[in-house]
Amino acid sequence: MIYDMAIAPFADYGFMRRALIACFALALGGGPIGTFLVLRRMSLMGDAMSHAILPGAAIGFLVAGLSIWSMSAGGLVAGLAVVLLAGLISRATALREDASLAGFYLISLALGVLIVSAKGSNVDLLHVLFGTILSVTDDALLLIASIATLTLVTLAVIYRPLVIECFDPAFLRATTGGGTLWHLVFLDLVVVNLVAGFQALGTLMALGLMMLPAAAARFWAGAVWSLAALSTVLAFLSGLVGLLVSYNFDLPSGPAIVLTAGAFYVGSIILGTRDSLRTRYFPRAHFHD
């Protein structure tokens, strides 16, 4: 019974193994990125950037159909363009960067849906918006793994200034003057990881596997490195359990994965060891000699 439900799907079917590998690669790159988004209070900005890639991916679809490389290249260009434009507008006007990104998010989402609908069918639109992780190809796996590797190497290089900027950006600017540079590099990493997630989960759910495990980890760990590690583990477990739930109960894989991550998040809110409902309203008794 356990073998049939938990092991056989991956042992018998190549598409399930590829989907699991994709979840592992997404967890490696998205876990640490999601952690820094939470620490920097940029969770909703991440949501805006996840939709910023949609028109570029839609143009790639318009040019070459459901081609991984053309849609990824289009999404990457569109996402980076929105990030740079939002940054320039926030510095040239009184508008804050989050408000600027929100404006581009609405424009990008509407434009992307319009472009896909103009050429494709409702099935194509659903593919772009919600992804199809069970049909991930070897090329998509190569792209996702490459982005995860790039993310980990880049984070290793900029880890120290990035952590300092999370807790004391004024100190970083005063000592190095490079706060803006690290911020832009980090936003670029967010975009490329959203492009990777888009290949498997679509634009509407790409952020789910990045943000929900990171938010859940906040209720269990305190140090930045432990938050990133736990977020990665929870993201992979969400992928594993979500795929099994999808297979055994004949449910859509993308929503099953994100809802599994959501279940970890809600469980962490209730049962976590740090600032959870359990520790706040049912603290342990303290015994004194």
# chains A, B, ... in the order shown; residues from 1 in each chain; ligands from 1

$ residues_around --residues "A:Ala261" --least-positions-apart "3" --cutoff "12 Å" --atoms "only C-alpha atoms" --output "VMD selection string"
chain A and resid 27 31 205 207 to 217 231 to 243 254 to 258 264 to 268

$ residues_around --residues "A:Arg160" --least-positions-apart "2" --cutoff "12 Å" --atoms "only C-alpha atoms" --output "ChimeraX atom specification"
/A:154-158,162-168,172,176,179,182,224-225

$ residues_around --residues "A:Val38" --least-positions-apart "3" --cutoff "9 Å" --atoms "only C-alpha atoms" --output "MDAnalysis selection string"
chainID A and resid 33:35 41:43 211 214:215 218

$ write_last_selection --atoms "N, CA and C atoms" --output "PDB file, in the first residue's frame"
ATOM      1  N   ILE A  33      15.870  32.576  -1.976  1.00  0.00           N
ATOM      2  CA  ILE A  33      15.326  33.819  -2.509  1.00  0.00           C
ATOM      3  C   ILE A  33      14.058  34.205  -1.749  1.00  0.00           C
ATOM      4  N   GLY A  34      13.186  33.247  -1.504  1.00  0.00           N
ATOM      5  CA  GLY A  34      11.976  33.520  -0.739  1.00  0.00           C
ATOM      6  C   GLY A  34      12.283  33.994   0.668  1.00  0.00           C
ATOM      7  N   THR A  35      13.333  33.431   1.266  1.00  0.00           N
ATOM      8  CA  THR A  35      13.738  33.853   2.610  1.00  0.00           C
ATOM      9  C   THR A  35      14.113  35.326   2.632  1.00  0.00           C
ATOM     10  N   ARG A  41      10.726  42.202   3.566  1.00  0.00           N
ATOM     11  CA  ARG A  41       9.334  42.627   3.482  1.00  0.00           C
ATOM     12  C   ARG A  41       8.950  42.985   2.049  1.00  0.00           C
ATOM     13  N   MET A  42       9.348  42.104   1.137  1.00  0.00           N
ATOM     14  CA  MET A  42       9.091  42.316  -0.284  1.00  0.00           C
ATOM     15  C   MET A  42       8.214  41.217  -0.868  1.00  0.00           C
ATOM     16  N   SER A  43       7.434  40.540  -0.030  1.00  0.00           N
ATOM     17  CA  SER A  43       6.641  39.406  -0.502  1.00  0.00           C
ATOM     18  C   SER A  43       5.666  39.813  -1.599  1.00  0.00           C
ATOM     19  N   MET A 211       7.455  31.556  -1.809  1.00  0.00           N
ATOM     20  CA  MET A 211       7.099  32.369  -0.656  1.00  0.00           C
ATOM     21  C   MET A 211       6.520  31.571   0.503  1.00  0.00           C
ATOM     22  N   ALA A 214       9.110  29.830   2.709  1.00  0.00           N
ATOM     23  CA  ALA A 214       9.912  30.840   3.403  1.00  0.00           C
ATOM     24  C   ALA A 214       9.132  31.445   4.560  1.00  0.00           C
ATOM     25  N   ALA A 215       7.848  31.732   4.335  1.00  0.00           N
ATOM     26  CA  ALA A 215       7.018  32.281   5.411  1.00  0.00           C
ATOM     27  C   ALA A 215       6.824  31.257   6.522  1.00  0.00           C
ATOM     28  N   ARG A 218       9.777  30.914   9.056  1.00  0.00           N
ATOM     29  CA  ARG A 218       9.922  31.973  10.060  1.00  0.00           C
ATOM     30  C   ARG A 218       9.395  31.547  11.423  1.00  0.00           C
TER      31      ARG A 218
END

$ closest_residue --among "A:Ala200, A:Leu150, A:Val245, A:Leu26" --to "A:Ser135" --atoms "only C-alpha atoms"
A:Ala200

$ closest_residue --among "A:Leu141, A:Val136, A:Ala110, A:Leu84" --to "A:Leu181" --atoms "only C-alpha atoms"
A:Leu84
